[in-house]
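Structure data follow from start02.cif (mmCIF, C-alpha atoms):
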data_my_file
#
loop_
_atom_site.label_atom_id
_atom_site.label_comp_id
_atom_site.auth_asym_id
_atom_site.auth_seq_id
_atom_site.Cartn_x
_atom_site.Cartn_y
_atom_site.Cartn_z
CA MET H 1 -88.03 73.34 26.83
CA ILE H 2 -91.64 73.32 25.63
CA GLY H 3 -92.31 72.21 22.05
CA ILE H 4 -94.64 70.18 19.85
CA LYS H 5 -95.17 66.55 20.83
CA ASN H 6 -98.08 65.59 18.57
CA VAL H 7 -100.83 66.94 16.30
CA ALA H 8 -104.28 65.46 15.59
CA SER H 9 -107.37 66.65 13.79
CA PHE H 10 -111.06 66.26 13.13
CA ILE H 11 -112.50 66.78 9.66
CA PRO H 12 -116.27 66.35 9.22
CA GLU H 13 -117.32 63.56 6.88
CA ASP H 14 -120.06 65.63 5.25
CA ALA H 15 -118.72 67.79 2.44
CA LEU H 16 -119.88 70.01 -0.41
CA ASP H 17 -118.83 69.12 -3.97
CA ASN H 18 -117.29 72.26 -5.46
CA LEU H 19 -117.16 70.90 -8.99
CA GLN H 20 -120.94 70.56 -8.94
CA ARG H 21 -121.57 73.88 -7.24
CA VAL H 22 -119.29 76.01 -9.41
CA GLU H 23 -121.72 75.86 -12.33
CA GLU H 24 -124.29 77.72 -10.21
CA PHE H 25 -121.94 80.71 -10.26
CA GLY H 26 -121.35 80.57 -14.00
CA GLU H 27 -117.76 79.39 -13.68
CA SER H 28 -115.96 76.41 -15.21
CA SER H 29 -114.23 73.57 -13.40
CA ASP H 30 -110.89 75.27 -14.22
CA PHE H 31 -111.82 78.03 -11.79
CA ILE H 32 -111.96 75.45 -8.99
CA VAL H 33 -108.96 73.40 -10.02
CA LYS H 34 -106.53 76.19 -10.97
CA LYS H 35 -107.64 79.10 -8.75
CA ILE H 36 -109.40 77.81 -5.63
CA GLY H 37 -107.96 74.28 -5.53
CA ALA H 38 -110.66 72.91 -3.25
CA LEU H 39 -112.70 70.09 -4.80
CA LYS H 40 -114.54 69.37 -1.54
CA LEU H 41 -115.47 71.53 1.44
CA PRO H 42 -116.08 69.68 4.74
CA ARG H 43 -119.11 70.90 6.64
CA LYS H 44 -119.94 70.48 10.31
CA GLY H 45 -123.37 69.20 11.31
CA GLU H 46 -126.11 71.80 11.67
CA ALA H 47 -126.32 71.18 15.42
CA GLU H 48 -122.54 71.09 15.94
CA GLU H 49 -120.84 74.03 17.60
CA THR H 50 -117.24 75.19 17.49
CA SER H 51 -116.62 73.57 20.86
CA ASP H 52 -117.88 70.22 19.53
CA LEU H 53 -115.29 70.30 16.74
CA ALA H 54 -112.63 71.20 19.30
CA VAL H 55 -113.64 68.31 21.56
CA LYS H 56 -113.44 65.82 18.69
CA ALA H 57 -109.97 67.06 17.74
CA ILE H 58 -108.76 66.74 21.35
CA GLU H 59 -110.22 63.24 21.57
CA GLN H 60 -108.22 62.27 18.49
CA LEU H 61 -105.11 63.79 20.08
CA LEU H 62 -105.60 61.77 23.27
CA LYS H 63 -106.04 58.55 21.27
CA SER H 64 -102.83 59.08 19.31
CA SER H 65 -100.62 60.43 22.11
CA ASP H 66 -98.84 58.11 24.53
CA GLY H 67 -98.40 59.84 27.87
CA LEU H 68 -101.18 62.40 27.48
CA ALA H 69 -104.40 62.04 29.47
CA SER H 70 -107.21 64.55 29.84
CA SER H 71 -106.42 64.75 33.56
CA SER H 72 -102.85 65.88 32.80
CA ILE H 73 -103.78 68.86 30.60
CA ASP H 74 -103.01 72.03 32.52
CA ALA H 75 -103.32 74.60 29.72
CA LEU H 76 -105.86 74.91 26.90
CA VAL H 77 -105.87 77.56 24.20
CA VAL H 78 -108.54 77.69 21.49
CA VAL H 79 -107.78 79.72 18.37
CA THR H 80 -111.10 80.87 16.93
CA GLN H 81 -113.01 83.88 15.70
CA ASN H 82 -116.24 81.91 15.42
CA GLY H 83 -116.81 80.63 18.91
CA ASP H 84 -119.93 79.12 20.41
CA GLY H 85 -123.11 81.17 20.46
CA GLU H 86 -122.35 84.86 20.45
CA GLY H 87 -118.78 84.41 21.62
CA LEU H 88 -119.30 84.76 25.36
CA PRO H 89 -118.20 82.87 27.38
CA HIS H 90 -114.93 81.93 25.74
CA THR H 91 -115.03 78.67 23.78
CA SER H 92 -112.12 77.15 25.74
CA ALA H 93 -114.21 77.27 28.92
CA ILE H 94 -117.01 75.40 27.18
CA VAL H 95 -114.49 72.83 25.90
CA GLN H 96 -113.14 72.38 29.44
CA ALA H 97 -116.60 71.48 30.67
CA LYS H 98 -117.45 69.17 27.77
CA MET H 99 -114.12 67.35 28.10
CA GLY H 100 -114.26 67.19 31.88
CA LEU H 101 -110.80 68.70 32.10
CA PRO H 102 -109.43 69.61 35.55
CA LYS H 103 -110.83 72.85 36.93
CA SER H 104 -107.24 73.86 37.60
CA VAL H 105 -106.64 74.13 33.85
CA ALA H 106 -105.71 77.53 32.40
CA ALA H 107 -108.07 78.07 29.46
CA PHE H 108 -108.42 81.02 27.13
CA ASP H 109 -109.16 81.89 23.50
CA VAL H 110 -106.98 83.60 20.91
CA SER H 111 -109.06 85.67 18.49
CA LEU H 112 -107.07 85.31 15.30
CA GLY H 113 -107.81 83.74 11.93
CA CYS H 114 -105.38 82.30 9.41
CA SER H 115 -102.27 83.48 11.28
CA GLY H 116 -103.61 82.07 14.54
CA TYR H 117 -101.68 78.80 14.66
CA VAL H 118 -98.28 80.49 14.48
CA TYR H 119 -99.32 83.05 17.08
CA GLY H 120 -100.93 80.36 19.22
CA LEU H 121 -97.82 78.19 19.34
CA HIS H 122 -95.71 81.05 20.69
CA VAL H 123 -98.40 82.33 23.06
CA LEU H 124 -98.92 78.91 24.63
CA LYS H 125 -95.21 78.03 24.69
CA GLY H 126 -94.33 81.26 26.49
CA PHE H 127 -97.30 80.96 28.84
CA MET H 128 -96.40 77.41 29.82
CA GLU H 129 -92.72 78.13 30.34
CA SER H 130 -93.39 81.20 32.48
CA ALA H 131 -95.98 79.39 34.62
CA GLY H 132 -94.11 76.08 34.85
CA LEU H 133 -96.89 74.06 33.17
CA LYS H 134 -96.26 70.59 31.74
CA ASN H 135 -98.94 69.76 29.17
CA GLY H 136 -100.75 72.24 26.98
CA VAL H 137 -103.18 71.76 24.11
CA LEU H 138 -103.53 74.28 21.30
CA VAL H 139 -106.83 73.92 19.45
CA THR H 140 -107.74 75.52 16.14
CA ALA H 141 -111.45 75.57 15.33
CA ASP H 142 -112.88 78.22 13.05
CA PRO H 143 -115.93 76.88 11.17
CA TYR H 144 -116.57 79.60 8.64
CA SER H 145 -119.70 77.77 7.48
CA LYS H 146 -121.36 79.61 10.38
CA ILE H 147 -120.85 82.95 8.65
CA VAL H 148 -120.53 82.16 4.93
CA ASP H 149 -123.35 83.24 2.62
CA PRO H 150 -124.03 80.23 0.32
CA ALA H 151 -124.84 82.64 -2.51
CA ASP H 152 -121.48 84.44 -2.29
CA LYS H 153 -119.02 83.01 -4.83
CA ASN H 154 -116.04 84.70 -3.15
CA THR H 155 -116.45 82.77 0.09
CA SER H 156 -118.80 79.81 -0.32
CA LEU H 157 -116.48 78.00 -2.75
CA LEU H 158 -113.42 78.50 -0.55
CA PHE H 159 -113.84 77.71 3.15
CA GLY H 160 -114.04 74.27 4.77
CA ASP H 161 -114.66 73.25 8.38
CA ALA H 162 -112.03 71.43 10.46
CA ALA H 163 -110.41 71.44 13.89
CA THR H 164 -106.97 70.45 15.12
CA ALA H 165 -105.33 69.85 18.49
CA THR H 166 -101.58 70.20 19.14
CA TRP H 167 -99.90 68.83 22.24
CA LEU H 168 -97.20 71.08 23.66
CA GLY H 169 -94.97 69.73 26.39
CA GLU H 170 -91.50 68.84 27.59
CA SER H 171 -89.12 66.54 25.63
CA PRO H 172 -90.86 67.53 22.40
CA SER H 173 -90.53 66.00 18.94
CA TRP H 174 -90.35 69.47 17.39
CA LEU H 175 -88.70 72.58 18.79
CA ILE H 176 -90.44 75.92 18.29
CA GLY H 177 -87.79 78.31 16.97
CA PRO H 178 -87.70 82.00 16.04
CA ALA H 179 -90.66 83.76 14.49
CA LEU H 180 -91.63 87.04 12.86
CA PHE H 181 -95.06 88.65 13.00
CA GLY H 182 -96.86 91.55 11.36
CA THR H 183 -100.13 93.46 11.32
CA ASP H 184 -101.68 95.93 8.88
CA GLY H 185 -105.05 97.05 10.20
CA GLU H 186 -105.66 99.09 7.06
CA GLY H 187 -106.79 95.81 5.54
CA GLU H 188 -109.71 95.47 7.94
CA ASP H 189 -112.39 95.83 5.24
CA ALA H 190 -110.91 93.15 2.96
CA LEU H 191 -112.08 90.24 5.11
CA LYS H 192 -114.67 90.83 7.79
CA THR H 193 -118.15 90.02 9.03
CA SER H 194 -121.01 92.33 8.19
CA GLY H 195 -124.52 91.54 9.34
CA ALA H 196 -123.27 88.18 10.68
CA CYS H 197 -122.04 87.22 7.18
CA LEU H 198 -118.48 87.01 5.90
CA THR H 199 -117.47 89.45 3.19
CA MET H 200 -114.21 89.24 1.28
CA ASN H 201 -112.40 91.31 -1.31
CA GLY H 202 -110.58 88.44 -2.95
CA ARG H 203 -108.24 90.58 -5.03
CA GLN H 204 -107.17 92.66 -2.03
CA VAL H 205 -106.51 89.55 0.08
CA PHE H 206 -104.54 87.94 -2.76
CA ASP H 207 -102.43 91.07 -3.30
CA PHE H 208 -101.71 91.33 0.43
CA ALA H 209 -100.48 87.74 0.60
CA ALA H 210 -98.46 88.02 -2.62
CA LYS H 211 -96.73 91.17 -1.34
CA ASN H 212 -96.03 90.30 2.30
CA VAL H 213 -95.63 86.58 2.90
CA ALA H 214 -92.54 85.72 0.85
CA PRO H 215 -90.52 88.66 2.26
CA ASN H 216 -91.57 87.65 5.77
CA ILE H 217 -90.35 84.10 5.20
CA LYS H 218 -87.07 85.31 3.70
CA ALA H 219 -86.58 87.70 6.65
CA LEU H 220 -87.08 84.87 9.13
CA LEU H 221 -84.54 82.69 7.35
CA ALA H 222 -82.07 85.58 7.41
CA LYS H 223 -82.72 86.01 11.13
CA ALA H 224 -82.04 82.30 11.67
CA GLU H 225 -78.97 82.49 9.39
CA MET H 226 -80.39 79.81 7.13
CA ASP H 227 -80.63 79.31 3.39
CA GLU H 228 -83.85 78.35 1.62
CA SER H 229 -82.33 75.03 0.61
CA GLN H 230 -81.95 74.04 4.27
CA VAL H 231 -85.74 74.01 4.71
CA ASP H 232 -87.24 70.59 4.06
CA ALA H 233 -90.83 71.83 3.75
CA PHE H 234 -92.68 75.13 3.68
CA CYS H 235 -96.06 74.58 5.36
CA ILE H 236 -97.89 77.81 4.66
CA HIS H 237 -101.57 78.62 5.08
CA GLN H 238 -103.63 77.04 2.32
CA GLY H 239 -105.55 80.21 1.47
CA SER H 240 -106.16 78.98 -2.07
CA TYR H 241 -104.17 77.14 -4.70
CA ALA H 242 -103.43 80.43 -6.46
CA ILE H 243 -102.11 82.10 -3.29
CA VAL H 244 -99.79 79.23 -2.40
CA ASP H 245 -98.59 79.13 -6.01
CA VAL H 246 -97.76 82.84 -6.26
CA ILE H 247 -95.85 82.79 -2.95
CA SER H 248 -93.88 79.66 -3.84
CA ARG H 249 -92.74 81.21 -7.13
CA ARG H 250 -90.66 83.69 -5.13
CA PHE H 251 -88.46 80.78 -4.07
CA LYS H 252 -87.55 79.56 -7.58
CA GLU H 253 -85.32 76.49 -7.11
CA ASN H 254 -87.11 75.56 -3.86
CA GLN H 255 -90.67 76.02 -5.10
CA HIS H 256 -91.21 72.25 -4.94
CA ARG H 257 -90.67 72.34 -1.16
CA PHE H 258 -93.98 74.15 -0.64
CA VAL H 259 -96.63 71.69 0.53
CA ARG H 260 -99.96 71.91 -1.29
CA ASP H 261 -102.98 70.15 0.16
CA ILE H 262 -106.31 71.93 -0.20
CA GLU H 263 -108.29 69.61 -2.49
CA ASN H 264 -110.34 67.83 0.18
CA THR H 265 -110.44 70.47 2.90
CA GLY H 266 -110.57 73.93 1.36
CA ASN H 267 -109.34 76.91 3.33
CA THR H 268 -109.72 75.79 6.97
CA VAL H 269 -108.45 79.11 8.38
CA SER H 270 -106.24 78.53 11.46
CA SER H 271 -106.40 74.75 10.99
CA SER H 272 -104.66 74.59 7.61
CA ILE H 273 -101.06 74.64 8.91
CA PRO H 274 -101.49 71.98 11.64
CA LEU H 275 -103.35 69.80 9.12
CA LEU H 276 -100.25 69.97 6.91
CA ILE H 277 -97.97 69.16 9.84
CA GLU H 278 -100.06 66.16 10.88
CA LYS H 279 -100.30 64.71 7.38
CA HIS H 280 -97.02 65.65 5.73
CA VAL H 281 -94.47 66.28 8.49
CA LEU H 282 -94.88 64.17 11.64
CA LYS H 283 -94.09 60.84 9.98
CA SER H 284 -91.74 62.26 7.36
CA GLU H 285 -87.96 62.59 7.34
CA CYS H 286 -88.21 66.38 7.52
CA LYS H 287 -85.88 68.03 10.01
CA THR H 288 -86.60 71.71 9.43
CA ILE H 289 -89.87 73.31 8.35
CA VAL H 290 -91.16 76.84 7.96
CA ILE H 291 -94.76 77.61 8.90
CA SER H 292 -96.49 80.80 7.80
CA GLY H 293 -100.05 81.97 8.37
CA PHE H 294 -101.66 85.09 6.93
CA GLY H 295 -105.08 86.61 6.46
CA VAL H 296 -107.82 88.51 8.27
CA GLY H 297 -106.62 91.67 9.96
CA PHE H 298 -104.43 91.83 7.93
CA SER H 299 -102.28 89.64 10.15
CA TRP H 300 -99.33 87.38 9.42
CA GLY H 301 -96.82 85.24 11.26
CA THR H 302 -93.96 82.99 10.20
CA GLY H 303 -92.11 80.49 12.38
CA LEU H 304 -89.36 77.91 12.24
CA LEU H 305 -89.78 74.36 13.59
CA THR H 306 -86.88 71.90 13.93
CA ARG H 307 -86.98 68.22 14.79
CA ASN H 308 -85.56 67.52 18.24
#
Kindly transcribe the structure held in the file into structure tokens.
Amino acid sequence: MIGIKNVASFIPEDALDNLQRVEEFGESSDFIVKKIGALKLPRKGEAEETSDLAVKAIEQLLKSSDGLASSSIDALVVVTQNGDGEGLPHTSAIVQAKMGLPKSVAAFDVSLGCSGYVYGLHVLKGFMESAGLKNGVLVTADPYSKIVDPADKNTSLLFGDAATATWLGESPSWLIGPALFGTDGEGEDALKTSGACLTMNGRQVFDFAAKNVAPNIKALLAKAEMDESQVDAFCIHQGSYAIVDVISRRFKENQHRFVRDIENTGNTVSSSIPLLIEKHVLKSECKTIVISGFGVGFSWGTGLLTRN
């Protein structure tokens, strides 16, 4: 049985101060605090590439994981839509070389954004079980600072850079349970790159999340024959404070179980869920958590994790 054994992360020390920057766009501090929620936005170094963030996250994983060595990694998946250079070759191959991982490692990328961690867990779990692999690492690294226009209020006040690394293996701490996924390609224009810059229709993205995520979570719980009250924590994508808030309201008495942590990271795309797991779940007394990612595509995925 392949599941989650550990999660680690890398967050750049350099960061933008949103409370200072918001005045440039003619907005008040309330816009940041009550709508966006991100007071700081971590930023990678100018010379750093996506693969460099991935390497630093894996190094943190190796330091914090007893029984995992770089030589024992036999599967590597990198979730990113902003890979090195122009996206070819795949970022996971570049990471393999920089880390000096065995050349026998299976390495590939998953081109998904904010839903990518949920998809990635199930892709890597199934891949490892079918191939009989022992130790896999799922990396999320999607530095949107590479494509954000600093003059665009819709995006430049929202996205932060970060990378995470999740160890999947046998005798896990967390079991990867059932999941539900969805795609609506009619939302392609709401969040996309145009001329190498990110464009976003904030209202359309917000409406999509408000309409689809809560029903998807409720459907998964029904599939698992569970009640909302049996979930210790809902770790959903930190798209913005307002998005997390509107989704959590659909759960009334269990609204307080939704983890909120965006102040010092911003929207880190596929990294937001594993950041929550690392900080709020691994050392907690939680036994059952729901994870849900949603965004670009439109794409969404919701999964159930239980402590082993």
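Comparing the minimum interatomic distances between Gln20 of chain H and each of H:Leu124, H:Leu138, H:Leu157, H:Asp149, counting all atoms listed in the file, we find that H:Leu157 sits nearest.
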Once the PyMOL selection byres ((chain H and resi 258-268) around 9) has been applied to the shown file, what residues remain in the selection, as a PyMOL selection string? chain H and resi 11+15+33+36-42+114+141-144+157-163+232-241+244-245+248+254-257+269-273+275-276+280
Find the residues of segment 70-157 of chain H that sit at most 9 Å from segment 293-305 of chain H; for each, write down the nearest two atoms and how far apart they are in Å, to one decimal. Count all atoms listed in the file. Sort by chain, then by number going up, and give it as a tab-separated table.
residue	atom	partner	partner_atom	distance
H:Leu112	CA	H:Val296	CA	7.8
H:Gly113	CA	H:Val296	CA	6.0
H:Cys114	CA	H:Gly295	CA	5.2
H:Ser115	CA	H:Gly293	CA	4.0
H:Gly116	CA	H:Gly293	CA	7.1
H:Tyr117	CA	H:Gly293	CA	7.2
H:Val118	CA	H:Gly301	CA	5.9
H:Tyr119	CA	H:Gly301	CA	6.7
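When the PyMOL selection byres ((chain H and resi 94-98) around 9) is evaluated against the file, it yields Ser51, Asp52, Ala54, Val55, Leu76, Val78, Asp84, Pro89, His90, Thr91, Ser92, Ala93, Met99, Gly100, Leu101, Pro102, Lys103, Val105 and Ala107 of chain H.
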Item to check | Ref. answer, residues at most 12 Å from (-87.5, 86.9, 3.4) with all atoms listed in the file, as a PyMOL selection string | outcome: chain H and resi 179-180+211-228+247+250-251+290+292+302-303
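Each of H:Leu282, H:Val79, H:Arg43, H:His122 was compared to Ile176 of chain H using only C-alpha atoms, and H:His122 turns out to be the nearest.
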List as a tab-separated table (two decimals) with C-alpha atoms, in the coordinates of the input the protein and nucleic acid residues near segment 134-136 of chain H, meaning an atom at most 9 Å away when all atoms listed in the file are counted, but skip any in the same chain fewer than 2 places from it.
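Output saved as result37.tsv:
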chain	number	residue	atom	x	y	z
H	2	ILE	CA	-91.64	73.32	25.63
H	68	LEU	CA	-101.18	62.40	27.48
H	72	SER	CA	-102.85	65.88	32.80
H	73	ILE	CA	-103.78	68.86	30.60
H	74	ASP	CA	-103.01	72.03	32.52
H	75	ALA	CA	-103.32	74.60	29.72
H	76	LEU	CA	-105.86	74.91	26.90
H	77	VAL	CA	-105.87	77.56	24.20
H	124	LEU	CA	-98.92	78.91	24.63
H	125	LYS	CA	-95.21	78.03	24.69
H	128	MET	CA	-96.40	77.41	29.82
H	129	GLU	CA	-92.72	78.13	30.34
H	132	GLY	CA	-94.11	76.08	34.85
H	138	LEU	CA	-103.53	74.28	21.30
H	166	THR	CA	-101.58	70.20	19.14
H	167	TRP	CA	-99.90	68.83	22.24
H	168	LEU	CA	-97.20	71.08	23.66
H	169	GLY	CA	-94.97	69.73	26.39
H	170	GLU	CA	-91.50	68.84	27.59
